[in-house]
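Participant: To be precise about what I am sending: the file is called start.cif and holds mmCIF, C-alpha atoms and all ligand atoms.
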```cif
data_query
loop_
_atom_site.label_atom_id
_atom_site.label_comp_id
_atom_site.auth_asym_id
_atom_site.auth_seq_id
_atom_site.Cartn_x
_atom_site.Cartn_y
_atom_site.Cartn_z
CA MET D 1 124.59 -97.14 24.04
CA THR D 2 124.66 -98.24 20.41
CA GLU D 3 126.56 -101.49 19.94
CA MET D 4 129.90 -100.99 18.14
CA LEU D 5 130.42 -103.68 15.56
CA LEU D 6 133.75 -102.63 14.13
CA GLU D 7 136.53 -100.53 15.54
CA ALA D 8 140.01 -99.31 14.57
CA ARG D 9 142.13 -98.20 17.54
CA ASP D 10 145.22 -96.09 16.90
CA VAL D 11 146.06 -97.97 13.71
CA VAL D 12 149.45 -97.36 12.11
CA LEU D 13 150.60 -98.89 8.82
CA SER D 14 153.40 -97.98 6.42
CA PHE D 15 154.38 -99.17 2.96
CA GLY D 16 158.13 -98.67 2.91
CA ARG D 17 158.62 -95.02 3.70
CA THR D 18 155.00 -94.09 3.05
CA GLN D 19 153.01 -93.80 6.27
CA ALA D 20 149.55 -94.72 4.99
CA LEU D 21 147.85 -94.76 8.42
CA ARG D 22 149.18 -92.71 11.34
CA GLY D 23 146.94 -93.45 14.29
CA ALA D 24 143.57 -94.01 12.59
CA GLU D 25 140.57 -94.28 14.93
CA LEU D 26 137.14 -95.37 13.75
CA ARG D 27 134.02 -96.86 15.31
CA VAL D 28 131.21 -98.30 13.22
CA ALA D 29 127.88 -99.16 14.83
CA ALA D 30 125.94 -102.30 13.96
CA GLY D 31 123.62 -101.62 11.03
CA GLU D 32 125.29 -98.32 10.21
CA ILE D 33 126.12 -97.24 6.66
CA LEU D 34 129.39 -95.32 6.90
CA ALA D 35 131.16 -93.45 4.10
CA ILE D 36 134.92 -92.92 4.27
CA MET D 37 135.87 -89.89 2.17
CA GLY D 38 139.14 -88.07 1.65
CA PRO D 39 141.73 -87.06 -0.93
CA SER D 40 143.57 -89.51 -3.14
CA GLY D 41 146.36 -91.28 -1.27
CA SER D 42 145.05 -90.26 2.18
CA GLY D 43 144.73 -93.87 3.39
CA LYS D 44 141.05 -94.72 2.78
CA SER D 45 141.59 -98.09 1.08
CA THR D 46 144.35 -99.02 3.53
CA LEU D 47 141.97 -98.35 6.41
CA LEU D 48 139.22 -100.43 4.77
CA HIS D 49 141.69 -103.27 4.20
CA CYS D 50 142.74 -103.17 7.87
CA LEU D 51 139.12 -103.16 9.08
CA ALA D 52 138.37 -106.12 6.81
CA GLY D 53 141.34 -108.20 7.99
CA ILE D 54 143.06 -108.04 4.60
CA LEU D 55 146.00 -106.00 5.91
CA VAL D 56 147.47 -106.21 9.41
CA PRO D 57 148.42 -102.95 11.15
CA GLU D 58 151.97 -102.44 12.41
CA SER D 59 150.51 -101.18 15.66
CA GLY D 60 147.05 -100.49 16.97
CA GLU D 61 144.08 -102.85 17.07
CA ILE D 62 141.05 -103.87 15.00
CA HIS D 63 137.99 -105.17 16.85
CA PHE D 64 134.98 -106.86 15.28
CA ASP D 65 131.90 -107.99 17.15
CA GLY D 66 133.54 -107.80 20.55
CA ARG D 67 136.84 -109.47 19.72
CA ARG D 68 140.23 -108.42 18.49
CA ILE D 69 140.85 -109.62 14.93
CA ASP D 70 144.20 -108.11 13.83
CA ASN D 71 146.11 -110.74 15.80
CA LEU D 72 144.15 -113.75 14.54
CA GLY D 73 146.68 -114.92 11.96
CA GLU D 74 145.99 -115.36 8.25
CA THR D 75 143.80 -118.46 8.65
CA GLY D 76 141.56 -116.82 11.24
CA ARG D 77 141.26 -113.59 9.29
CA SER D 78 140.56 -115.43 6.08
CA ALA D 79 137.78 -117.43 7.77
CA LEU D 80 136.33 -114.19 9.10
CA ARG D 81 136.38 -112.60 5.64
CA ARG D 82 134.67 -115.64 4.16
CA ASP D 83 132.03 -116.08 6.88
CA ARG D 84 131.24 -112.57 8.08
CA PHE D 85 132.29 -110.05 5.45
CA GLY D 86 131.20 -109.24 1.91
CA PHE D 87 133.15 -107.18 -0.60
CA VAL D 88 132.44 -104.97 -3.61
CA PHE D 89 135.33 -103.31 -5.42
CA GLN D 90 135.54 -100.64 -8.10
CA PHE D 91 135.80 -103.03 -11.01
CA GLY D 92 133.30 -105.79 -10.09
CA GLN D 93 136.06 -108.42 -10.29
CA LEU D 94 133.68 -111.12 -11.40
CA VAL D 95 135.23 -114.44 -12.34
CA PRO D 96 135.11 -114.31 -16.17
CA GLU D 97 134.76 -118.08 -16.65
CA LEU D 98 131.64 -118.27 -14.47
CA SER D 99 128.07 -117.23 -15.34
CA ALA D 100 126.54 -114.28 -13.50
CA GLU D 101 124.52 -116.72 -11.41
CA GLU D 102 127.59 -118.74 -10.47
CA ASN D 103 129.43 -115.54 -9.59
CA VAL D 104 126.65 -114.55 -7.17
CA ALA D 105 126.60 -118.06 -5.68
CA LEU D 106 130.39 -118.13 -5.22
CA PRO D 107 130.61 -117.01 -1.55
CA LEU D 108 128.05 -119.69 -0.64
CA LEU D 109 129.93 -122.36 -2.60
CA LEU D 110 133.15 -121.32 -0.84
CA ASN D 111 131.29 -121.65 2.47
CA GLY D 112 130.49 -125.26 1.60
CA VAL D 113 126.85 -124.77 0.55
CA ARG D 114 125.81 -127.37 -2.06
CA ARG D 115 125.64 -126.12 -5.65
CA THR D 116 121.87 -126.52 -6.12
CA LYS D 117 121.14 -124.69 -2.88
CA ALA D 118 123.71 -121.97 -3.59
CA LEU D 119 122.26 -121.31 -7.04
CA ALA D 120 118.73 -121.29 -5.58
CA GLU D 121 119.83 -118.62 -3.09
CA ALA D 122 121.57 -116.62 -5.82
CA ARG D 123 118.53 -116.51 -8.13
CA PRO D 124 116.22 -114.08 -6.21
CA TRP D 125 119.01 -111.48 -6.35
CA PHE D 126 118.52 -111.20 -10.11
CA ASP D 127 114.94 -110.01 -9.65
CA ARG D 128 115.82 -107.88 -6.63
CA LEU D 129 118.61 -106.03 -8.46
CA GLY D 130 116.87 -105.72 -11.86
CA LEU D 131 119.04 -108.38 -13.50
CA ASP D 132 116.32 -110.78 -14.67
CA GLY D 133 117.35 -112.78 -17.73
CA LEU D 134 121.08 -112.20 -17.25
CA GLU D 135 121.71 -115.28 -15.07
CA GLU D 136 123.66 -117.19 -17.73
CA ARG D 137 125.78 -114.30 -19.02
CA ARG D 138 129.54 -114.17 -18.49
CA SER D 139 131.02 -110.94 -17.15
CA GLY D 140 132.24 -109.95 -20.64
CA GLU D 141 128.60 -109.92 -21.79
CA LEU D 142 127.38 -107.50 -19.11
CA SER D 143 127.40 -103.69 -19.06
CA GLY D 144 129.47 -102.01 -16.32
CA GLY D 145 126.34 -101.27 -14.27
CA GLN D 146 125.00 -104.81 -14.68
CA ALA D 147 128.37 -106.32 -13.70
CA GLN D 148 128.51 -104.09 -10.63
CA ARG D 149 125.00 -105.17 -9.58
CA VAL D 150 126.09 -108.82 -9.95
CA ALA D 151 129.12 -107.96 -7.79
CA LEU D 152 126.78 -106.36 -5.24
CA ALA D 153 124.59 -109.48 -5.17
CA ARG D 154 127.73 -111.58 -4.65
CA GLY D 155 128.78 -109.27 -1.80
CA LEU D 156 125.45 -109.65 -0.02
CA VAL D 157 124.28 -113.19 -0.86
CA ALA D 158 125.84 -114.82 2.21
CA ARG D 159 124.18 -112.21 4.45
CA PRO D 160 127.48 -110.81 5.78
CA ARG D 161 127.60 -108.75 8.98
CA VAL D 162 129.66 -106.13 7.12
CA LEU D 163 129.81 -105.20 3.45
CA PHE D 164 133.07 -103.46 2.50
CA ALA D 165 132.67 -101.39 -0.65
CA ASP D 166 135.77 -99.69 -2.11
CA GLU D 167 134.78 -97.08 -4.74
CA PRO D 168 131.87 -99.29 -5.88
CA THR D 169 130.63 -96.64 -8.31
CA GLY D 170 134.07 -95.41 -9.41
CA ALA D 171 133.84 -96.98 -12.85
CA LEU D 172 130.19 -96.06 -13.50
CA ASP D 173 128.42 -93.01 -14.88
CA THR D 174 126.43 -90.91 -12.39
CA LEU D 175 123.00 -92.40 -13.06
CA THR D 176 124.21 -96.02 -13.04
CA GLY D 177 126.24 -95.29 -9.90
CA GLU D 178 123.13 -93.95 -8.17
CA GLN D 179 121.17 -97.08 -9.10
CA VAL D 180 123.91 -99.26 -7.60
CA MET D 181 123.96 -97.13 -4.42
CA ASP D 182 120.15 -97.24 -4.10
CA LEU D 183 120.24 -101.02 -4.35
CA MET D 184 123.20 -101.35 -2.00
CA VAL D 185 121.61 -99.24 0.71
CA SER D 186 118.14 -100.80 0.47
CA SER D 187 119.47 -104.38 0.36
CA ALA D 188 121.89 -103.79 3.23
CA ARG D 189 119.16 -102.23 5.37
CA GLU D 190 116.76 -105.05 4.56
CA GLN D 191 119.15 -107.69 5.89
CA GLY D 192 120.76 -105.54 8.61
CA THR D 193 124.19 -105.56 6.99
CA THR D 194 126.59 -102.82 8.15
CA VAL D 195 128.28 -101.03 5.23
CA VAL D 196 131.74 -99.45 5.14
CA LEU D 197 131.97 -97.53 1.89
CA VAL D 198 135.07 -95.81 0.52
CA THR D 199 134.35 -93.09 -2.01
CA HIS D 200 135.69 -89.73 -3.11
CA GLU D 201 132.31 -88.71 -4.55
CA PRO D 202 130.10 -86.61 -2.23
CA ARG D 203 126.97 -87.73 -4.14
CA VAL D 204 127.81 -91.33 -3.30
CA ALA D 205 128.73 -90.56 0.31
CA ALA D 206 125.34 -88.86 0.70
CA TYR D 207 123.72 -92.32 0.73
CA ALA D 208 125.47 -93.10 4.03
CA ASP D 209 124.17 -92.44 7.56
CA ARG D 210 127.48 -90.81 8.47
CA GLU D 211 130.63 -89.62 6.74
CA VAL D 212 134.19 -89.42 7.97
CA ILE D 213 137.21 -87.92 6.24
CA VAL D 214 140.64 -89.52 6.09
CA ARG D 215 143.48 -87.03 5.83
CA ASP D 216 147.15 -87.97 6.06
CA GLY D 217 146.34 -91.31 7.58
CA ARG D 218 144.00 -90.06 10.32
CA VAL D 219 140.22 -90.10 10.54
CA HIS D 220 138.25 -86.90 11.12
CA ALA D 221 134.55 -86.40 11.73
CA LEU D 222 132.82 -84.58 8.88
CA THR D 223 132.91 -80.88 9.71
CA ALA D 224 133.18 -77.78 7.54
CA GLU D 225 136.85 -77.56 8.60
CA ALA D 226 137.63 -81.14 7.53
CA VAL D 227 136.08 -80.57 4.10
CA ALA D 228 137.98 -77.32 3.46
N1 LIG T 301 150.69 -101.80 -1.69
C1 LIG T 301 151.23 -100.58 -1.56
N2 LIG T 301 152.56 -100.39 -1.71
C2 LIG T 301 153.12 -99.17 -1.55
N3 LIG T 301 152.42 -98.07 -1.22
C3 LIG T 301 151.10 -98.21 -1.06
C4 LIG T 301 150.43 -99.46 -1.21
N4 LIG T 301 149.11 -99.27 -0.99
C5 LIG T 301 148.96 -97.96 -0.70
N5 LIG T 301 150.13 -97.32 -0.74
C6 LIG T 301 150.37 -95.89 -0.44
O1 LIG T 301 149.75 -95.60 0.82
C7 LIG T 301 149.07 -94.36 0.78
C8 LIG T 301 147.60 -94.56 1.06
O2 LIG T 301 147.04 -95.32 0.00
P1 LIG T 301 145.48 -95.68 -0.08
O3 LIG T 301 145.29 -96.56 -1.28
O4 LIG T 301 145.03 -96.18 1.23
O5 LIG T 301 144.84 -94.24 -0.34
P2 LIG T 301 143.37 -93.85 -0.81
O6 LIG T 301 142.95 -92.73 0.06
O7 LIG T 301 142.51 -95.07 -0.84
O8 LIG T 301 143.66 -93.33 -2.29
P3 LIG T 301 142.75 -93.31 -3.62
O9 LIG T 301 141.57 -92.43 -3.33
O10 LIG T 301 143.67 -92.70 -4.64
O11 LIG T 301 142.40 -94.73 -3.91
C9 LIG T 301 149.36 -93.77 -0.60
O12 LIG T 301 150.46 -92.92 -0.49
C10 LIG T 301 149.69 -94.98 -1.44
O13 LIG T 301 150.55 -94.63 -2.51
#
```
Here is a file; write its structure as structure tokens.
Facilitator:
Amino acid sequence: MTEMLLEARDVVLSFGRTQALRGAELRVAAGEILAIMGPSGSGKSTLLHCLAGILVPESGEIHFDGRRIDNLGETGRSALRRDRFGFVFQFGQLVPELSAEENVALPLLLNGVRRTKALAEARPWFDRLGLDGLEERRSGELSGGQAQRVALARGLVARPRVLFADEPTGALDTLTGEQVMDLMVSSAREQGTTVVLVTHEPRVAAYADREVIVRDGRVHALTAEAVA
């Protein structure tokens, strides 16, 4: 049987009167690239945040790598996010005061890696992601696609077990979005990183090994019925 790396079991979470997740079930295999699709407001980001230990479900369980993580407490979940998970969001969210290179090195610096070593590990990503020559730029001096590739490098530099990507191409034009997806998928595969990708764009979801649909806070396998 394929090893399950990440699992949501009967997850329920409300914001006030809004029931964002109503018994969400999801299993993600190690090394898998999974796309979470679904209409606006259906609970995709909330599910991603629960899987990543950012939000804690009201009931239900989240398991990662053979252990339950929703009951770890903020310190434990924060350590897990720092050590095991990488993140890419819709608007790169680079730190504007830092150079592109320092932004990529940030997860390593936060993990206690020395500055020289962290920057040395960040540098090859510029060649790998077609960003040569942009190492010293601040985020305000990068195009949207360049900034998102820097954000991708930052998400992968610490070789996380899981990369969580929430609408990573949402702010990009189609061609630039496809470049980012190509690089995300090839880099993740190269280092064996599992990817959980939230998107509402079928073209983006097509890069994944498997797609699921979130509707009204529940997860459905991709079938003609679920799409209709
Ligand atoms: N912090 C919050 N406070 C209040 N309501 C929230 C909060 N976050 C999400 N919600 C609500 O929970 C529901 C699910 O939101 P979520 O962001 O998970 O949906 P989504 O499928 O990711 O949507 P989109 O595609 O528009 O980003 C929505 O009704 C949303 O308005």
Participant: Show which residues sit within 6 Å of D:Ala29, as a list of chain:residue names. Count all atoms listed in the file, and ignore same-chain residues fewer than 6 positions away.
Facilitator: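 Near D:Ala29, the qualifying residues are D:Glu3, D:Met4, D:Leu5.
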Participant: Can I get the residues close to ligand LIG 301 (chain T) as a ChimeraX atom specification, where close means within 12 Å and we count only C-alpha atoms and all ligand atoms?
Facilitator: /D:12-22,24,36-50,54-55,89-90,165-168,170,197-201,213-219
Participant: Name all residues at most 6 Å from D:Leu119 (count only C-alpha atoms; drop same-chain ones fewer than 3 positions away) and give them as a PyMOL selection string.
Facilitator: chain D and resi 105+116+122
Participant: The selected residues should be written to file as a PDB file, in the coordinates of the input (atoms: C-alpha atoms).
Facilitator:
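Contents of selection.pdb, freshly written:
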```
ATOM      1  CA  ALA D 105     126.600-118.060  -5.680  1.00  0.00           C
ATOM      2  CA  THR D 116     121.870-126.520  -6.120  1.00  0.00           C
ATOM      3  CA  ALA D 122     121.570-116.620  -5.820  1.00  0.00           C
TER       4      ALA D 122
END
```
Participant: Name all residues at most 9 Å from D:Leu172 (count all atoms listed in the file; drop same-chain ones fewer than 6 positions away) and give them as a list in words.
Facilitator: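 Using all atoms listed in the file, the neighbours found are Gln90, Gly144, Gly145 and Gln148 of chain D.
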Participant: Show which residues sit within 10 Å of D:Arg138, as a list of chain:residue names. Count all atoms listed in the file, and ignore same-chain residues fewer than 5 positions away.
Facilitator: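 Counting all atoms listed in the file, the residues come to D:Leu94, D:Val95, D:Pro96, D:Glu97, D:Leu98, D:Ser99, D:Ala100, D:Glu101, D:Glu102, D:Asn103, D:Ala147.
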